[in-house]
There are 2 protein chains.
Amino acid sequence: MDIKNELAVRAEAAEDVVCRFLPDVEGYQGMVFDAMQYSVTAGGKRIRPILMDETYKLFGGDAEVIEPFMAAIEMIHTYSLVHDDLPAMDNDMLRRGKPTTHAVYGEALGILTGDALLNYAFETALNAYDAPDVDVVNITSAMRILARKAGVFGMIGGQVVDVESEKKQLEMTEEKINFIYNLKTGALIEASMMIGAALAGASEDDITLVESVASKIGMAFQIQDDILDIEGDEETLGKPIGSDEKNEKATYVSFAGMEKSKEEVKRLTDEAIKELNTLPNKNEFLNELLNYLVYRDN
Amino acid sequence: MDIKNELAVRAEAAEDVVCRFLPDVEGYQGMVFDAMQYSVTAGGKRIRPILMDETYKLFGGDAEVIEPFMAAIEMIHTYSLVHDDLPAMDNDMLRRGKPTTHAVYGEALGILTGDALLNYAFETALNAYDAPDVDVVNITSAMRILARKAGVFGMIGGQVVDVESEKKQLEMTEEKINFIYNLKTGALIEASMMIGAALAGASEDDITLVESVASKIGMAFQIQDDILDIEGDEETLGKPIGSDEKNEKATYVSFAGMEKSKEEVKRLTDEAIKELNTLPNKNEFLNELLNYLVYRDN
């Protein structure tokens with residue numbers, strides 16, 4: 001399997017799903033629809049909706065009810081980047097080589113576009129209740145996972161600690177780095193896979209197993225990010241390396257060292273895939289994808 | 001009935017409900033819990049949760065399922081103020097005589113606290129699905145009203161047009177003012193009353209009637225706000241008057257004139273209350289409250 005190629009095809013399909021759910025009507029507030037569209041289509045690997053869809057398939061799911069949730073998770077990921085790029089946060093004018101949302105639309109609309117995407121994610125996910133022949137309990141379970149993992153006990157919680165540690169130059173510890181990675185990066189990966197499982201009607205035990213798998217993958221993914229920021233190839237990566245060192249940002253690698261970090265990526269990934277394969281269900285593409293995600297070069 | 005006194009009692013009860021749902025646990029992200037708490041308890045009339053509860057009672061509701069939604073609507077109202085006060089938006093350091101959230105916690109945490117409150121509003125509302133003996137269809141209907149009215153077709157939509165018109169000094173028209181008032185202020189008033197009705201199992205027709213009532217009240221409420229900014233008493237109001245004129249802000253009054261504006265407040269309120277009283281159900285306090293809201297002096 002040519003995983004890179006296969007992934008590109010699915011990323012395009014996932015982007016189509018997200019765009020289909022974005023608001024596209026006339027109205028005085030048209031500029032925020034434009035800014036939402038701009039933010040969502042400004043690139044990205046669409047890893048979260050793809051992981052969600054593949055986990056859904058792993059548990060036998062084959063209906064359209066997954067689509068509003070695929071769109072919702074990508075909207076939430078996108079809003080987090082839009083707000084992260086704001087002047088008061090990372091103050092980034094470029095992301096993936098393109099002007100960031102606030103760089104194009106101004107800071108006020110940057111804030112409001114992020115708010116709009118977060119709110120619209122829930123508005124979109126609620127469409128799942130219209131799907132025929134789906135157990136309402138599974139949809140509600142998916143809604144709760146989405147809200148929990150995106151919020152203060154998930155992504156926002158990690159983001160708060162990351163931002164405040166940096167702004168206030170608080171002491172960083174290895175435990176705190178783990179907390180930040182688990183929440184800021186891990187939580188949405190967990191949500192993606194857990195929602196796929198929940199919507200397909202997986203048992204509580206299986207959803208917990210999937211959460212554990214996703215948590216390890218999220219951690220490995222983020223450590224690999226740190227590694228690439230040191231050892232990556234700028235051209236393949238599509239962005240300058242060395243930014244963490246330049247910003248004096250404490251990372252997992254700066255605590256554990258390069259060798260242990262690489263071992264940890266391997267250990268976490270092997271464990272995650274082994275754990276996933278204790279399930280009777282199989283999805284070969286998902287296995288390949290998990291491996292690719294953590295050993296990627298971009 | 002001493003409506004002011006009665007309202008103060010209910011406002012305190014509503015605040016207790018909201019606070020009961022706020023996160024209060026140990027964790028690295030404790031500072032965002034503090035900032036959420038600070039933002040929510042920094043004052044406010046709690047009109048939205050009270051309207052919700054009273055409309056719920058109007059339709060015979062008497063269960064705890066209303067509480068997570070009362071908390072959610074107030075969290076959404078609060079986040080909108082937190083983001084509205086940010087330097088890139090209105091740049092306000094004081095609200096109701098207290099330092100605004102970003103003034104206390106910094107701009108980055110101001111943004112994240114708003115995000116956290118918006119996300120937590122949905123996380124909180126989803127608790128309603130745990131309520132015993134409530135039709136899931138009514139809860140889902142309430143969830144959808146919440147998401148729709150808070151989002152780009154509701155409050156955020158109005159906020160975007162308001163902020164962009166001001167920042168870019170776009171031409172203001174009476175139609176656009178109506179659009180902004182309807183969405184920015186009206187939408188959450190509509191959501192409050194519609195959710196109360198929906199959770200009590202009101203028919204689609206009755207929910208539509210309530211939406212129309214709330215829309216008129218929201219409009220009258222906002223026009224009264226403009227009137228008070230010109231003719232109000234600073235001491236009773238608890239804030240300086242004349243801010244719209246100082247900021248050269250186009251308002252309903254600046255288009256329609258003071259006399260017509262006062263007539264419009266009366267017309268809208270009378271119509272709203274008349275419309276509400278075509279229902280067989282009665283709630284005397286709600287009638288008094290609607291009258292008070294639009295004829296208030298603070």
# chains A, B, ... in the order shown; residues from 1 in each chain; ligands from 1
$ residues_around --residues "Ser261 of chain A" --least-positions-apart "5" --cutoff "12 Å" --atoms "only C-alpha atoms" --output "ChimeraX atom specification"
/A:219-228,230,251-256,266-268,294
$ write_last_selection --atoms "C-alpha atoms" --output "short mmCIF file (atom, residue, chain, number, x, y, z; two decimals), in the first residue's frame"
data_model
loop_
_atom_site.label_atom_id
_atom_site.label_comp_id
_atom_site.auth_asym_id
_atom_site.auth_seq_id
_atom_site.Cartn_x
_atom_site.Cartn_y
_atom_site.Cartn_z
CA MET A 219 1.86 11.29 22.52
CA ALA A 220 4.12 9.62 19.95
CA PHE A 221 2.83 12.03 17.28
CA GLN A 222 3.75 15.05 19.36
CA ILE A 223 7.20 13.72 20.34
CA GLN A 224 7.85 13.00 16.65
CA ASP A 225 6.90 16.65 16.00
CA ASP A 226 9.64 17.73 18.40
CA ILE A 227 12.11 15.36 16.75
CA LEU A 228 11.30 16.69 13.28
CA ILE A 230 15.40 19.26 15.24
CA THR A 251 9.87 19.99 24.71
CA TYR A 252 9.85 16.29 25.46
CA VAL A 253 13.17 16.00 23.61
CA SER A 254 14.78 18.72 25.69
CA PHE A 255 13.93 16.70 28.82
CA ALA A 256 14.49 13.16 27.65
CA LYS A 266 8.70 3.44 18.93
CA ARG A 267 7.59 2.00 22.27
CA LEU A 268 4.32 3.97 22.32
CA VAL A 294 4.39 8.67 14.11
#
$ select_by_dssp --residues "segment 53-293 of chain B" --states "alpha helix (DSSP H)" --output "MDAnalysis selection string"
chainID B and resid 53:58 66:84 101:105 107:125 136:150 155:167 174:180 187:199 204:231 234:237 243:246 252:256 258:276 284:293
$ atom_distance --atom1 "atom CA of Lys184 of chain A" --atom2 "atom CA of Leu237 of chain A"
21.2 Å
$ residues_around --residues "Ile189 of chain A" --least-positions-apart "6" --cutoff "8 Å" --atoms "only C-alpha atoms" --output "ChimeraX atom specification"
/A:48,51,214-215,217-218
$ interface_residues --of "chain B" --to "chain A" --cutoff "8 Å" --atoms "only C-alpha atoms" --output "compact mmCIF listing (two decimals) with C-alpha atoms, in the first residue's frame"
# COMPACT_ATOMS: atom_id res chain seq x y z
CA TYR B 28 -2.53 22.14 36.08
CA GLN B 29 -5.23 24.03 34.20
CA VAL B 32 -8.70 28.60 33.57
CA HIS B 83 -14.37 38.07 24.00
CA ALA B 88 -8.87 43.62 19.53
CA MET B 89 -12.62 44.07 20.04
CA GLU B 107 -5.10 38.63 26.88
CA ALA B 108 -4.12 35.05 26.01
CA LEU B 109 -6.08 33.61 28.92
CA ILE B 111 -9.24 34.37 24.67
CA LEU B 112 -8.91 30.84 26.09
CA ASP B 115 -13.29 29.43 24.33
CA ALA B 116 -13.49 27.34 27.49
CA LEU B 118 -18.35 28.31 25.04
CA ASN B 119 -17.16 24.71 24.89
CA TYR B 120 -18.20 24.04 28.49
CA PHE B 122 -22.23 22.48 25.35
CA GLU B 123 -20.48 20.04 27.68
CA LEU B 126 -25.30 17.54 27.35
CA TYR B 129 -29.48 13.59 28.61
CA THR B 140 -32.05 17.27 21.27
CA MET B 143 -29.47 21.42 22.05
CA ARG B 144 -30.11 22.46 18.45
CA ALA B 147 -26.21 25.84 19.00
CA ARG B 148 -28.13 27.64 16.26
CA ALA B 150 -25.46 31.13 19.65
CA GLY B 151 -23.73 30.69 16.30
CA VAL B 152 -23.28 32.34 12.91
CA ILE B 156 -22.01 35.42 16.51
CA GLY B 157 -23.54 36.47 13.19
CA GLY B 158 -24.79 39.71 14.74
CA VAL B 160 -19.51 39.90 13.32
CA VAL B 161 -21.59 42.50 11.49
CA VAL B 163 -17.72 44.62 14.93
CA GLU B 164 -16.84 44.77 11.23
CA LYS B 176 -28.50 46.50 9.20
$ select_by_dssp --residues "segment 42-204 of chain B" --states "strand (DSSP E or B)" --output "list of chain:residue names"
B:Leu94, B:Arg95, B:Lys98, B:Pro99
